[in-house]
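Containing mmCIF, C-alpha atoms and all ligand atoms: my_file.cif.
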```
data_target
#
loop_
_atom_site.label_atom_id
_atom_site.label_comp_id
_atom_site.auth_asym_id
_atom_site.auth_seq_id
_atom_site.Cartn_x
_atom_site.Cartn_y
_atom_site.Cartn_z
CA MET A 49 -2.70 59.23 -67.93
CA SER A 50 -3.54 62.81 -66.96
CA GLN A 51 -1.83 64.18 -63.87
CA GLU A 52 -4.03 65.76 -61.23
CA GLY A 53 -4.85 69.25 -62.51
CA THR A 54 -3.27 68.73 -65.93
CA PRO A 55 -5.83 67.95 -68.59
CA LEU A 56 -4.89 65.59 -71.41
CA LYS A 57 -4.19 67.24 -74.72
CA THR A 58 -6.29 64.69 -76.60
CA LEU A 59 -8.66 62.00 -75.44
CA ILE A 60 -9.94 59.60 -78.09
CA ILE A 61 -13.12 57.64 -77.45
CA GLY A 62 -13.47 54.52 -79.61
CA SER A 63 -11.14 51.97 -81.17
CA GLY A 64 -12.29 51.32 -84.71
CA PRO A 65 -10.37 52.51 -87.79
CA ALA A 66 -11.37 56.14 -87.03
CA GLY A 67 -10.16 56.07 -83.42
CA TYR A 68 -6.86 54.35 -84.14
CA THR A 69 -6.09 56.50 -87.18
CA ALA A 70 -6.80 59.62 -85.11
CA ALA A 71 -4.43 58.18 -82.48
CA ILE A 72 -1.63 57.56 -85.00
CA TYR A 73 -1.82 61.14 -86.29
CA ALA A 74 -2.30 62.71 -82.85
CA ALA A 75 0.61 60.76 -81.36
CA ARG A 76 2.92 61.70 -84.21
CA ALA A 77 1.93 65.37 -83.66
CA ASP A 78 2.94 64.98 -80.00
CA LEU A 79 -0.58 65.37 -78.64
CA GLN A 80 0.11 62.40 -76.31
CA PRO A 81 -3.30 60.85 -76.98
CA VAL A 82 -5.05 58.57 -74.55
CA LEU A 83 -7.56 56.23 -76.18
CA TYR A 84 -10.41 54.37 -74.51
CA THR A 85 -11.56 51.39 -76.52
CA GLY A 86 -15.24 51.11 -75.60
CA MET A 87 -17.14 47.84 -75.17
CA GLU A 88 -16.01 46.31 -78.43
CA PRO A 89 -12.24 46.92 -78.73
CA GLY A 90 -11.43 47.17 -82.43
CA GLY A 91 -15.00 48.10 -83.37
CA GLN A 92 -17.22 46.61 -86.06
CA LEU A 93 -14.33 45.11 -88.06
CA THR A 94 -13.72 42.62 -85.29
CA THR A 95 -17.10 41.07 -86.12
CA THR A 96 -16.17 40.44 -89.73
CA THR A 97 -13.79 37.87 -91.13
CA GLU A 98 -11.75 38.82 -94.17
CA VAL A 99 -11.42 42.50 -95.17
CA ASP A 100 -10.73 42.61 -98.89
CA ASN A 101 -11.42 46.26 -99.64
CA PHE A 102 -8.95 48.12 -97.43
CA PRO A 103 -6.24 49.53 -99.69
CA GLY A 104 -2.77 48.08 -99.22
CA TYR A 105 -3.71 44.46 -98.57
CA PRO A 106 -3.57 42.68 -101.96
CA ASP A 107 -4.48 39.33 -100.38
CA GLY A 108 -7.06 40.73 -97.95
CA VAL A 109 -6.66 40.90 -94.20
CA ASP A 110 -8.40 39.31 -91.27
CA GLY A 111 -10.60 42.05 -89.65
CA PRO A 112 -9.56 41.43 -86.02
CA ALA A 113 -5.88 41.11 -87.09
CA MET A 114 -6.07 44.44 -88.89
CA MET A 115 -7.38 46.11 -85.76
CA VAL A 116 -4.55 44.62 -83.67
CA ASP A 117 -2.09 46.06 -86.22
CA LEU A 118 -3.76 49.47 -86.04
CA GLN A 119 -3.53 49.42 -82.25
CA LYS A 120 0.17 48.49 -82.41
CA GLN A 121 0.80 51.29 -84.90
CA ALA A 122 -0.95 53.81 -82.61
CA GLU A 123 1.03 52.55 -79.60
CA ARG A 124 4.31 52.65 -81.50
CA PHE A 125 4.05 56.45 -81.53
CA GLY A 126 3.11 56.66 -77.86
CA THR A 127 -0.70 56.40 -77.72
CA GLU A 128 -1.90 55.09 -74.35
CA VAL A 129 -4.63 52.55 -75.04
CA HIS A 130 -6.99 51.55 -72.22
CA ILE A 131 -9.96 49.22 -72.14
CA GLY A 132 -12.89 51.20 -70.79
CA MET A 133 -16.17 52.76 -71.72
CA ALA A 134 -17.00 56.45 -71.69
CA THR A 135 -20.22 56.54 -69.69
CA ALA A 136 -20.82 60.30 -69.29
CA VAL A 137 -19.45 63.56 -70.64
CA GLU A 138 -19.46 67.19 -69.61
CA LEU A 139 -18.34 69.15 -72.67
CA SER A 140 -17.21 72.73 -72.29
CA ASN A 141 -18.82 75.50 -74.30
CA LYS A 142 -15.79 77.77 -74.10
CA VAL A 143 -12.90 77.99 -76.55
CA GLY A 144 -9.91 76.62 -74.62
CA GLY A 145 -12.19 75.06 -71.98
CA THR A 146 -11.64 71.67 -70.38
CA HIS A 147 -13.92 68.72 -71.13
CA LYS A 148 -14.71 65.96 -68.65
CA VAL A 149 -15.29 62.33 -69.55
CA THR A 150 -16.32 59.69 -67.05
CA ILE A 151 -14.94 56.21 -67.68
CA ASP A 152 -16.86 53.12 -66.53
CA ASN A 153 -19.09 55.25 -64.27
CA ASP A 154 -16.06 55.78 -62.09
CA LYS A 155 -12.95 57.69 -63.07
CA VAL A 156 -13.26 61.26 -64.49
CA LEU A 157 -10.71 62.36 -67.10
CA GLU A 158 -10.13 65.92 -68.23
CA ALA A 159 -9.01 66.84 -71.73
CA LYS A 160 -8.55 69.92 -73.89
CA THR A 161 -9.66 68.06 -77.01
CA ILE A 162 -11.88 65.04 -77.45
CA ILE A 163 -12.06 62.94 -80.59
CA ILE A 164 -15.28 60.96 -80.70
CA ALA A 165 -15.00 57.75 -82.70
CA THR A 166 -17.66 55.66 -81.00
CA GLY A 167 -19.05 54.29 -84.28
CA ALA A 168 -22.45 52.87 -85.02
CA SER A 169 -23.90 49.47 -84.39
CA ALA A 170 -25.81 47.53 -87.00
CA LYS A 171 -29.33 46.73 -85.94
CA TYR A 172 -30.33 43.08 -85.91
CA LEU A 173 -33.78 41.51 -85.91
CA GLY A 174 -33.22 39.94 -82.50
CA LEU A 175 -34.34 36.41 -83.40
CA PRO A 176 -32.45 33.76 -81.37
CA SER A 177 -31.67 31.81 -84.58
CA GLU A 178 -30.24 34.97 -86.19
CA GLN A 179 -28.03 35.74 -83.18
CA ARG A 180 -26.79 32.13 -82.99
CA LEU A 181 -25.69 32.20 -86.65
CA ARG A 182 -23.89 35.56 -86.63
CA GLY A 183 -20.51 34.75 -88.13
CA GLY A 184 -22.00 31.54 -89.54
CA GLY A 185 -23.69 33.10 -92.54
CA VAL A 186 -25.57 36.02 -90.93
CA SER A 187 -23.91 39.35 -91.71
CA ALA A 188 -24.85 43.02 -91.49
CA CYS A 189 -22.50 44.12 -94.26
CA ALA A 190 -22.89 42.93 -97.85
CA VAL A 191 -19.92 44.95 -99.06
CA CYS A 192 -17.71 43.25 -96.43
CA ASP A 193 -18.96 39.69 -96.68
CA GLY A 194 -20.93 39.35 -99.94
CA PHE A 195 -17.95 38.04 -101.88
CA PHE A 196 -17.90 34.84 -99.78
CA TYR A 197 -21.29 33.94 -101.28
CA LYS A 198 -20.26 34.34 -104.90
CA GLY A 199 -22.46 32.21 -107.14
CA GLN A 200 -24.68 31.18 -104.21
CA GLU A 201 -28.26 31.96 -103.12
CA VAL A 202 -28.64 34.55 -100.38
CA ALA A 203 -31.32 36.71 -98.75
CA ILE A 204 -31.42 40.28 -97.51
CA VAL A 205 -33.83 41.92 -95.05
CA GLY A 206 -34.82 45.60 -95.20
CA GLY A 207 -36.52 48.08 -97.48
CA GLY A 208 -34.35 51.20 -97.13
CA ASP A 209 -31.59 52.58 -99.34
CA THR A 210 -28.98 50.37 -97.70
CA ALA A 211 -30.97 47.19 -98.34
CA ALA A 212 -31.67 48.24 -101.93
CA GLU A 213 -28.03 49.12 -102.57
CA GLU A 214 -26.75 45.93 -100.95
CA ALA A 215 -29.32 43.75 -102.74
CA THR A 216 -28.12 45.18 -106.06
CA TYR A 217 -24.50 44.63 -105.03
CA LEU A 218 -25.24 41.02 -104.06
CA ALA A 219 -27.21 40.41 -107.26
CA ASN A 220 -24.04 41.18 -109.22
CA ILE A 221 -22.12 38.38 -107.53
CA CYS A 222 -24.68 35.88 -106.28
CA LYS A 223 -26.90 33.51 -108.21
CA LYS A 224 -30.10 34.68 -106.56
CA VAL A 225 -31.06 37.24 -103.91
CA THR A 226 -34.34 37.04 -102.01
CA MET A 227 -35.18 40.47 -100.64
CA LEU A 228 -37.61 40.60 -97.72
CA VAL A 229 -39.51 43.84 -97.09
CA ARG A 230 -41.89 43.92 -94.14
CA LYS A 231 -44.29 46.52 -95.57
CA ASP A 232 -46.13 46.48 -98.92
CA HIS A 233 -43.68 49.11 -100.20
CA MET A 234 -40.04 50.04 -99.87
CA ARG A 235 -38.71 53.06 -98.03
CA ALA A 236 -35.77 53.34 -100.44
CA SER A 237 -35.70 56.16 -103.00
CA LYS A 238 -37.41 55.49 -106.32
CA ALA A 239 -34.07 55.41 -108.10
CA MET A 240 -32.77 52.71 -105.76
CA GLN A 241 -36.01 50.76 -106.10
CA HIS A 242 -35.63 50.79 -109.88
CA ARG A 243 -32.14 49.35 -109.53
CA VAL A 244 -33.60 46.49 -107.50
CA THR A 245 -36.51 45.75 -109.81
CA ALA A 246 -34.21 45.88 -112.84
CA LYS A 247 -32.25 42.88 -111.53
CA GLU A 248 -33.73 39.63 -112.77
CA ASN A 249 -32.12 37.57 -110.03
CA ILE A 250 -33.67 39.55 -107.14
CA ASP A 251 -36.83 37.92 -105.83
CA LEU A 252 -38.53 40.86 -104.09
CA ARG A 253 -41.08 39.83 -101.49
CA TYR A 254 -43.25 42.39 -99.74
CA ASN A 255 -45.10 41.85 -96.43
CA SER A 256 -42.47 39.28 -95.64
CA GLU A 257 -40.60 38.66 -92.40
CA ILE A 258 -38.26 35.98 -91.14
CA ASP A 259 -39.86 33.48 -88.83
CA GLU A 260 -36.62 31.54 -88.29
CA VAL A 261 -33.14 31.26 -89.72
CA LEU A 262 -32.55 27.58 -90.44
CA GLY A 263 -29.26 25.79 -89.89
CA ASP A 264 -27.23 24.40 -87.05
CA GLN A 265 -23.65 25.69 -87.43
CA VAL A 266 -24.16 27.66 -90.65
CA VAL A 267 -27.12 29.24 -92.44
CA GLU A 268 -28.96 26.71 -94.57
CA GLY A 269 -32.27 28.44 -95.18
CA LEU A 270 -35.08 30.66 -93.95
CA ARG A 271 -38.62 30.15 -92.86
CA ILE A 272 -40.49 33.20 -94.11
CA VAL A 273 -43.88 34.38 -92.94
CA ASN A 274 -46.25 36.60 -94.89
CA ASN A 275 -47.43 39.08 -92.24
CA GLN A 276 -50.77 39.64 -94.07
CA THR A 277 -51.84 36.06 -94.61
CA GLY A 278 -49.78 34.24 -91.97
CA GLU A 279 -48.63 31.85 -94.68
CA LYS A 280 -45.17 30.36 -94.17
CA ASP A 281 -42.67 28.92 -96.60
CA GLU A 282 -39.04 27.88 -96.59
CA ILE A 283 -36.19 28.79 -98.91
CA SER A 284 -32.63 27.47 -99.12
CA ILE A 285 -29.85 30.04 -98.77
CA THR A 286 -26.26 30.12 -97.51
CA GLY A 287 -26.01 33.79 -96.54
CA LEU A 288 -28.39 36.18 -94.79
CA PHE A 289 -27.75 39.92 -94.83
CA ILE A 290 -29.48 42.19 -92.34
CA ALA A 291 -29.85 45.75 -93.65
CA ILE A 292 -32.41 47.33 -91.33
CA GLY A 293 -30.34 50.35 -90.32
CA HIS A 294 -27.62 51.34 -87.89
CA LYS A 295 -27.72 53.06 -84.54
CA PRO A 296 -24.95 55.59 -83.92
CA ASN A 297 -23.41 55.27 -80.46
CA THR A 298 -24.20 58.80 -79.31
CA ASP A 299 -26.48 58.39 -76.29
CA ILE A 300 -23.97 59.97 -73.88
CA PHE A 301 -23.71 63.11 -76.04
CA LYS A 302 -27.44 63.90 -76.11
CA ASP A 303 -28.30 67.48 -75.14
CA GLN A 304 -24.65 68.54 -75.61
CA LEU A 305 -23.78 67.82 -79.23
CA ASP A 306 -25.88 68.55 -82.31
CA MET A 307 -27.27 65.42 -83.92
CA ASP A 308 -29.61 64.63 -86.78
CA ASP A 309 -32.95 62.88 -86.28
CA ALA A 310 -31.27 59.47 -86.36
CA GLY A 311 -28.71 60.47 -83.71
CA TYR A 312 -25.66 60.92 -85.99
CA LEU A 313 -23.34 63.72 -84.85
CA ILE A 314 -23.36 66.78 -87.06
CA THR A 315 -19.99 68.17 -88.09
CA GLU A 316 -19.23 71.58 -89.53
CA GLY A 317 -18.71 71.73 -93.30
CA LYS A 318 -15.90 69.49 -94.46
CA SER A 319 -14.30 69.44 -91.01
CA THR A 320 -14.78 67.10 -88.04
CA LYS A 321 -15.72 69.99 -85.70
CA THR A 322 -18.83 69.56 -83.58
CA ASN A 323 -20.75 72.43 -81.99
CA ARG A 324 -18.47 72.36 -78.90
CA PRO A 325 -14.99 73.88 -79.31
CA GLY A 326 -12.28 71.22 -79.11
CA VAL A 327 -14.68 68.31 -79.64
CA PHE A 328 -14.32 66.46 -82.95
CA ALA A 329 -16.23 63.54 -84.45
CA SER A 330 -14.93 60.95 -86.88
CA GLY A 331 -16.00 57.66 -88.42
CA ASP A 332 -19.45 56.10 -88.50
CA VAL A 333 -20.72 58.15 -85.55
CA GLN A 334 -20.97 61.09 -87.98
CA ASP A 335 -21.40 59.22 -91.28
CA LYS A 336 -24.52 57.35 -92.25
CA GLU A 337 -23.70 57.52 -95.93
CA TYR A 338 -20.41 55.71 -96.62
CA ARG A 339 -19.63 53.70 -93.45
CA GLN A 340 -16.47 52.05 -94.76
CA ALA A 341 -13.29 51.30 -92.80
CA VAL A 342 -11.27 53.41 -95.18
CA THR A 343 -13.59 56.42 -94.98
CA ALA A 344 -13.67 56.12 -91.18
CA ALA A 345 -9.86 56.06 -91.12
CA GLY A 346 -9.82 59.16 -93.36
CA THR A 347 -12.03 61.15 -91.00
CA GLY A 348 -9.97 59.92 -88.02
CA CYS A 349 -6.95 61.52 -89.64
CA MET A 350 -8.95 64.71 -90.21
CA ALA A 351 -10.06 64.82 -86.56
CA ALA A 352 -6.45 64.58 -85.33
CA LEU A 353 -5.39 67.38 -87.68
CA ASP A 354 -8.37 69.49 -86.55
CA ALA A 355 -7.46 68.84 -82.89
CA GLU A 356 -3.83 69.76 -83.49
CA ARG A 357 -4.83 73.05 -85.16
CA TYR A 358 -7.29 73.85 -82.38
CA LEU A 359 -4.66 73.24 -79.69
CA ALA A 360 -2.17 75.41 -81.56
CA THR A 361 -4.76 78.22 -81.62
CA ILE A 362 -5.60 78.09 -77.92
CA GLU A 363 -1.99 77.73 -76.86
CA SER A 364 -0.76 80.66 -78.96
P1 LIG B 401 -33.46 53.07 -93.01
O1 LIG B 401 -33.78 53.35 -91.59
O2 LIG B 401 -33.71 54.10 -94.03
O3 LIG B 401 -34.29 51.78 -93.48
C1 LIG B 401 -34.38 50.65 -92.68
C2 LIG B 401 -35.23 49.62 -93.38
O4 LIG B 401 -35.24 48.43 -92.60
C3 LIG B 401 -36.69 50.05 -93.57
O5 LIG B 401 -37.17 49.53 -94.78
C4 LIG B 401 -37.38 49.37 -92.38
O6 LIG B 401 -38.70 49.03 -92.64
C5 LIG B 401 -36.59 48.09 -92.28
N1 LIG B 401 -36.66 47.52 -90.95
C6 LIG B 401 -36.37 48.14 -89.77
N2 LIG B 401 -36.52 47.27 -88.74
C7 LIG B 401 -36.92 46.09 -89.30
C8 LIG B 401 -37.24 44.83 -88.77
N3 LIG B 401 -37.17 44.58 -87.46
N4 LIG B 401 -37.62 43.85 -89.63
C9 LIG B 401 -37.68 44.08 -90.96
N5 LIG B 401 -37.39 45.26 -91.53
C10 LIG B 401 -37.01 46.26 -90.70
O7 LIG B 401 -31.93 52.57 -92.96
P2 LIG B 401 -30.86 52.50 -94.14
O8 LIG B 401 -29.66 51.88 -93.52
O9 LIG B 401 -31.42 51.85 -95.33
O10 LIG B 401 -30.53 54.01 -94.50
C11 LIG B 401 -30.04 54.92 -93.49
C12 LIG B 401 -29.85 56.28 -94.12
O11 LIG B 401 -28.75 56.26 -95.03
C13 LIG B 401 -31.07 56.74 -94.93
O12 LIG B 401 -31.22 58.12 -94.76
C14 LIG B 401 -30.67 56.42 -96.35
O13 LIG B 401 -31.33 57.24 -97.30
C15 LIG B 401 -29.17 56.67 -96.33
N6 LIG B 401 -28.48 55.89 -97.36
C16 LIG B 401 -28.32 56.43 -98.59
C17 LIG B 401 -27.70 55.71 -99.59
C18 LIG B 401 -27.53 56.32 -100.91
O14 LIG B 401 -28.11 57.36 -101.14
N7 LIG B 401 -26.77 55.74 -101.80
C19 LIG B 401 -27.18 54.36 -99.38
C20 LIG B 401 -27.44 53.86 -98.06
C21 LIG B 401 -28.07 54.60 -97.10
P3 LIG B 401 -39.93 50.10 -92.56
O15 LIG B 401 -39.82 50.93 -93.81
O16 LIG B 401 -41.09 49.20 -92.50
O17 LIG B 401 -39.71 50.89 -91.31
#
```

Represent the structure of the file as structure tokens.
Ligand code: NDP
Amino acid sequence: MSQEGTPLKTLIIGSGPAGYTAAIYAARADLQPVLYTGMEPGGQLTTTTEVDNFPGYPDGVDGPAMMVDLQKQAERFGTEVHIGMATAVELSNKVGGTHKVTIDNDKVLEAKTIIIATGASAKYLGLPSEQRLRGGGVSACAVCDGFFYKGQEVAIVGGGDTAAEEATYLANICKKVTMLVRKDHMRASKAMQHRVTAKENIDLRYNSEIDEVLGDQVVEGLRIVNNQTGEKDEISITGLFIAIGHKPNTDIFKDQLDMDDAGYLITEGKSTKTNRPGVFASGDVQDKEYRQAVTAAGTGCMAALDAERYLATIES
């Protein structure tokens, strides 16, 4: 923890693959990082089951277990990990300046560099039946969980590029994919739409919304409503994928850091630098395109290297 009057070298906000990878690299570079986990220690991977696509695990790995391992690895090199939420920031504009981060609306920490790895949260529809069955067949990541529904019938909600891409991905492994789009057209690019319509096993339904997810412990079906006619019908499925967008966790950085229209942090060129000197962004908070654990980990590494170089410059 920082001593009175001595700012931390590196404060990391967030505990997904980006945050912990930044911590591993920062600790090994002797930046004595302090990491605050946020509300969901371990990040989005703790809401998934098996992770089969992270390199180095030939038999897959349990998502929460992988995050515990990442934490242990970061701590092994001296990272201080604390449970707590960054609730406000005061980011310096000056090269070599000190940044202030308030934790849990209470304690204020000072740091020379900040690595933001606060991630993004998948949006859900908000239906009680959908929330009840999260982890029981309702998922927000087809690439993570689609494989468990191999050869089965599933549904996906959304009409953007993510939904189109994930529907196509699911169509390659599942028997049938019902795609529900709430408007009479898709928002996805024409190229992505063509990929969807080219798949014979995607049943594309426009003007369609979910009235209720059916099933007690696990997903067994959907009651669908046509929002033009009010007509309802039921289908049997075992998996429901929600692909209606993500919300980056950047509210506390508004008016201080540059963001795009959707609230993702903007970084400079191929680096993790934000518009404030000594403040770096890694993982899903600055990436709406790839959003994979391995890409988040990669940018976490980059952020630690960027922080190390920045500190070397201001200390020289
Ligand atoms: P988008 O915000 O682009 O699309 C969200 C979709 O979900 C829209 O069709 C929207 O419908 C629908 N939706 C939102 N809320 C609801 C709801 N409550 N019920 C039903 N449907 C709902 O998000 P994406 O994640 O698809 O894409 C995010 C960004 O990432 C985009 O810029 C996209 O281009 C990009 N991307 C690019 C890829 C690529 O190029 N390969 C792959 C994946 C993403 P409506 O249209 O009616 O608002």

**Prompt:** Got a sec: who's within 9 Å of stretch 174-189 of chain A, counting all atoms listed in the file, leaving out chain neighbours fewer than 2 positions off, as a list of chain:residue names?
**Reply:**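 So, after excluding close chain neighbours, the residues are A:Thr95, A:Thr96, A:Thr97, A:Ala170, A:Lys171, A:Tyr172, A:Val191, A:Cys192, A:Asp193, A:Gly194, A:Glu214, A:Ile258, A:Asp259, A:Glu260, A:Val261, A:Leu262, A:Gly263, A:Asp264, A:Gln265, A:Val266, A:Val267, A:Glu268, A:Thr286, A:Gly287, A:Leu288, A:Phe289, A:Ile290, A:Ala291, A:Ile292.
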
Selected residues written out, C-alpha atoms, as a JSON list (two decimals), keeping the file's coordinate frame:
```json
[["chain", "number", "residue", "atom", "x", "y", "z"],
["A", 95, "THR", "CA", -17.10, 41.07, -86.12],
["A", 96, "THR", "CA", -16.17, 40.44, -89.73],
["A", 97, "THR", "CA", -13.79, 37.87, -91.13],
["A", 170, "ALA", "CA", -25.81, 47.53, -87.00],
["A", 171, "LYS", "CA", -29.33, 46.73, -85.94],
["A", 172, "TYR", "CA", -30.33, 43.08, -85.91],
["A", 191, "VAL", "CA", -19.92, 44.95, -99.06],
["A", 192, "CYS", "CA", -17.71, 43.25, -96.43],
["A", 193, "ASP", "CA", -18.96, 39.69, -96.68],
["A", 194, "GLY", "CA", -20.93, 39.35, -99.94],
["A", 214, "GLU", "CA", -26.75, 45.93, -100.95],
["A", 258, "ILE", "CA", -38.26, 35.98, -91.14],
["A", 259, "ASP", "CA", -39.86, 33.48, -88.83],
["A", 260, "GLU", "CA", -36.62, 31.54, -88.29],
["A", 261, "VAL", "CA", -33.14, 31.26, -89.72],
["A", 262, "LEU", "CA", -32.55, 27.58, -90.44],
["A", 263, "GLY", "CA", -29.26, 25.79, -89.89],
["A", 264, "ASP", "CA", -27.23, 24.40, -87.05],
["A", 265, "GLN", "CA", -23.65, 25.69, -87.43],
["A", 266, "VAL", "CA", -24.16, 27.66, -90.65],
["A", 267, "VAL", "CA", -27.12, 29.24, -92.44],
["A", 268, "GLU", "CA", -28.96, 26.71, -94.57],
["A", 286, "THR", "CA", -26.26, 30.12, -97.51],
["A", 287, "GLY", "CA", -26.01, 33.79, -96.54],
["A", 288, "LEU", "CA", -28.39, 36.18, -94.79],
["A", 289, "PHE", "CA", -27.75, 39.92, -94.83],
["A", 290, "ILE", "CA", -29.48, 42.19, -92.34],
["A", 291, "ALA", "CA", -29.85, 45.75, -93.65],
["A", 292, "ILE", "CA", -32.41, 47.33, -91.33]]
```

**Prompt:** Using only C-alpha atoms and all ligand atoms, what are the residues with an atom within 10 Å of ligand LIG 401 (chain B), set out as a ChimeraX atom specification?
**Reply:** /A:170-175,204-214,228-237,239-240,255-258,290-295,309-310,335-339

**Asked** Using only C-alpha atoms, which residues sit within 12 Å of A:Gly348 once same-chain residues fewer than 2 positions away are excluded, as a count of residues only?
**Response** 44

**Asked** So how far away is atom CA of A:Thr127 from atom CA of A:Pro81, in Å?
**Response** 5.2 Å

**Residues within 7 Å of (-41.1, 31.6, -94.2), counting only C-alpha atoms, listed as a list in words** = Ile258, Asp259, Leu270, Arg271, Ile272, Val273, Lys280, Asp281 and Glu282 of chain A

Write a file of the selected residues as an mmCIF file, in the coordinates of the input, keeping C-alpha atoms.
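The resulting file, out.cif, is reproduced below:
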```cif
data_model
loop_
_atom_site.group_PDB
_atom_site.id
_atom_site.type_symbol
_atom_site.label_atom_id
_atom_site.label_comp_id
_atom_site.auth_asym_id
_atom_site.auth_seq_id
_atom_site.Cartn_x
_atom_site.Cartn_y
_atom_site.Cartn_z
ATOM 1 C CA ILE A 258 -38.260 35.980 -91.140
ATOM 2 C CA ASP A 259 -39.860 33.480 -88.830
ATOM 3 C CA LEU A 270 -35.080 30.660 -93.950
ATOM 4 C CA ARG A 271 -38.620 30.150 -92.860
ATOM 5 C CA ILE A 272 -40.490 33.200 -94.110
ATOM 6 C CA VAL A 273 -43.880 34.380 -92.940
ATOM 7 C CA LYS A 280 -45.170 30.360 -94.170
ATOM 8 C CA ASP A 281 -42.670 28.920 -96.600
ATOM 9 C CA GLU A 282 -39.040 27.880 -96.590
#
```

**Item:** Contacts of A:Ile131 at 10 Å (all atoms listed in the file; same-chain gap of 2+ positions) as a PyMOL selection string
**Value:** chain A and resi 62-63+83-89+129+133+151-152

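Atom CA of A:Asp78 sits 9.2 Å away from atom CA of A:Lys57.
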
**Message:** If I take atom CA of A:Arg76 and atom CA of A:Gly90, how far is one from the other in Å, to one decimal?
**Reply:** 20.5 Å

**Prompt:** Looking at only C-alpha atoms, which of A:Thr298, A:Thr161, A:Thr146, A:Thr347 is the one that sits closest to A:Leu79?
**Reply:**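 The closest residue to A:Leu79 is A:Thr161.
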
**Complete:** The residue from A:Cys222, A:Ala203, A:Ala113, A:Ala75 with the smallest atom-to-atom distance to A:Arg253, counting only C-alpha atoms, is A:Ala203

**Fill in**
Judged by all atoms listed in the file, the minimum distance to A:Lys160 among A:Thr245, A:Asn323, A:Thr58, A:Thr94 is found for A:Thr58

**Residue among A:Leu157, A:Ile250, A:Val143, A:Val109 lying closest to A:Val82, counting only C-alpha atoms** =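 For A:Val82, the nearest of the candidates is A:Leu157.
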
**Surrounding residues of A:Ala136 excluding itself and chain neighbours under 3 positions, 8 Å, all atoms listed in the file, as a list in words** =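 Residues meeting the cut-off are Val149, Thr150, Ile151, Asn153, Ile300 and Phe301 of chain A.
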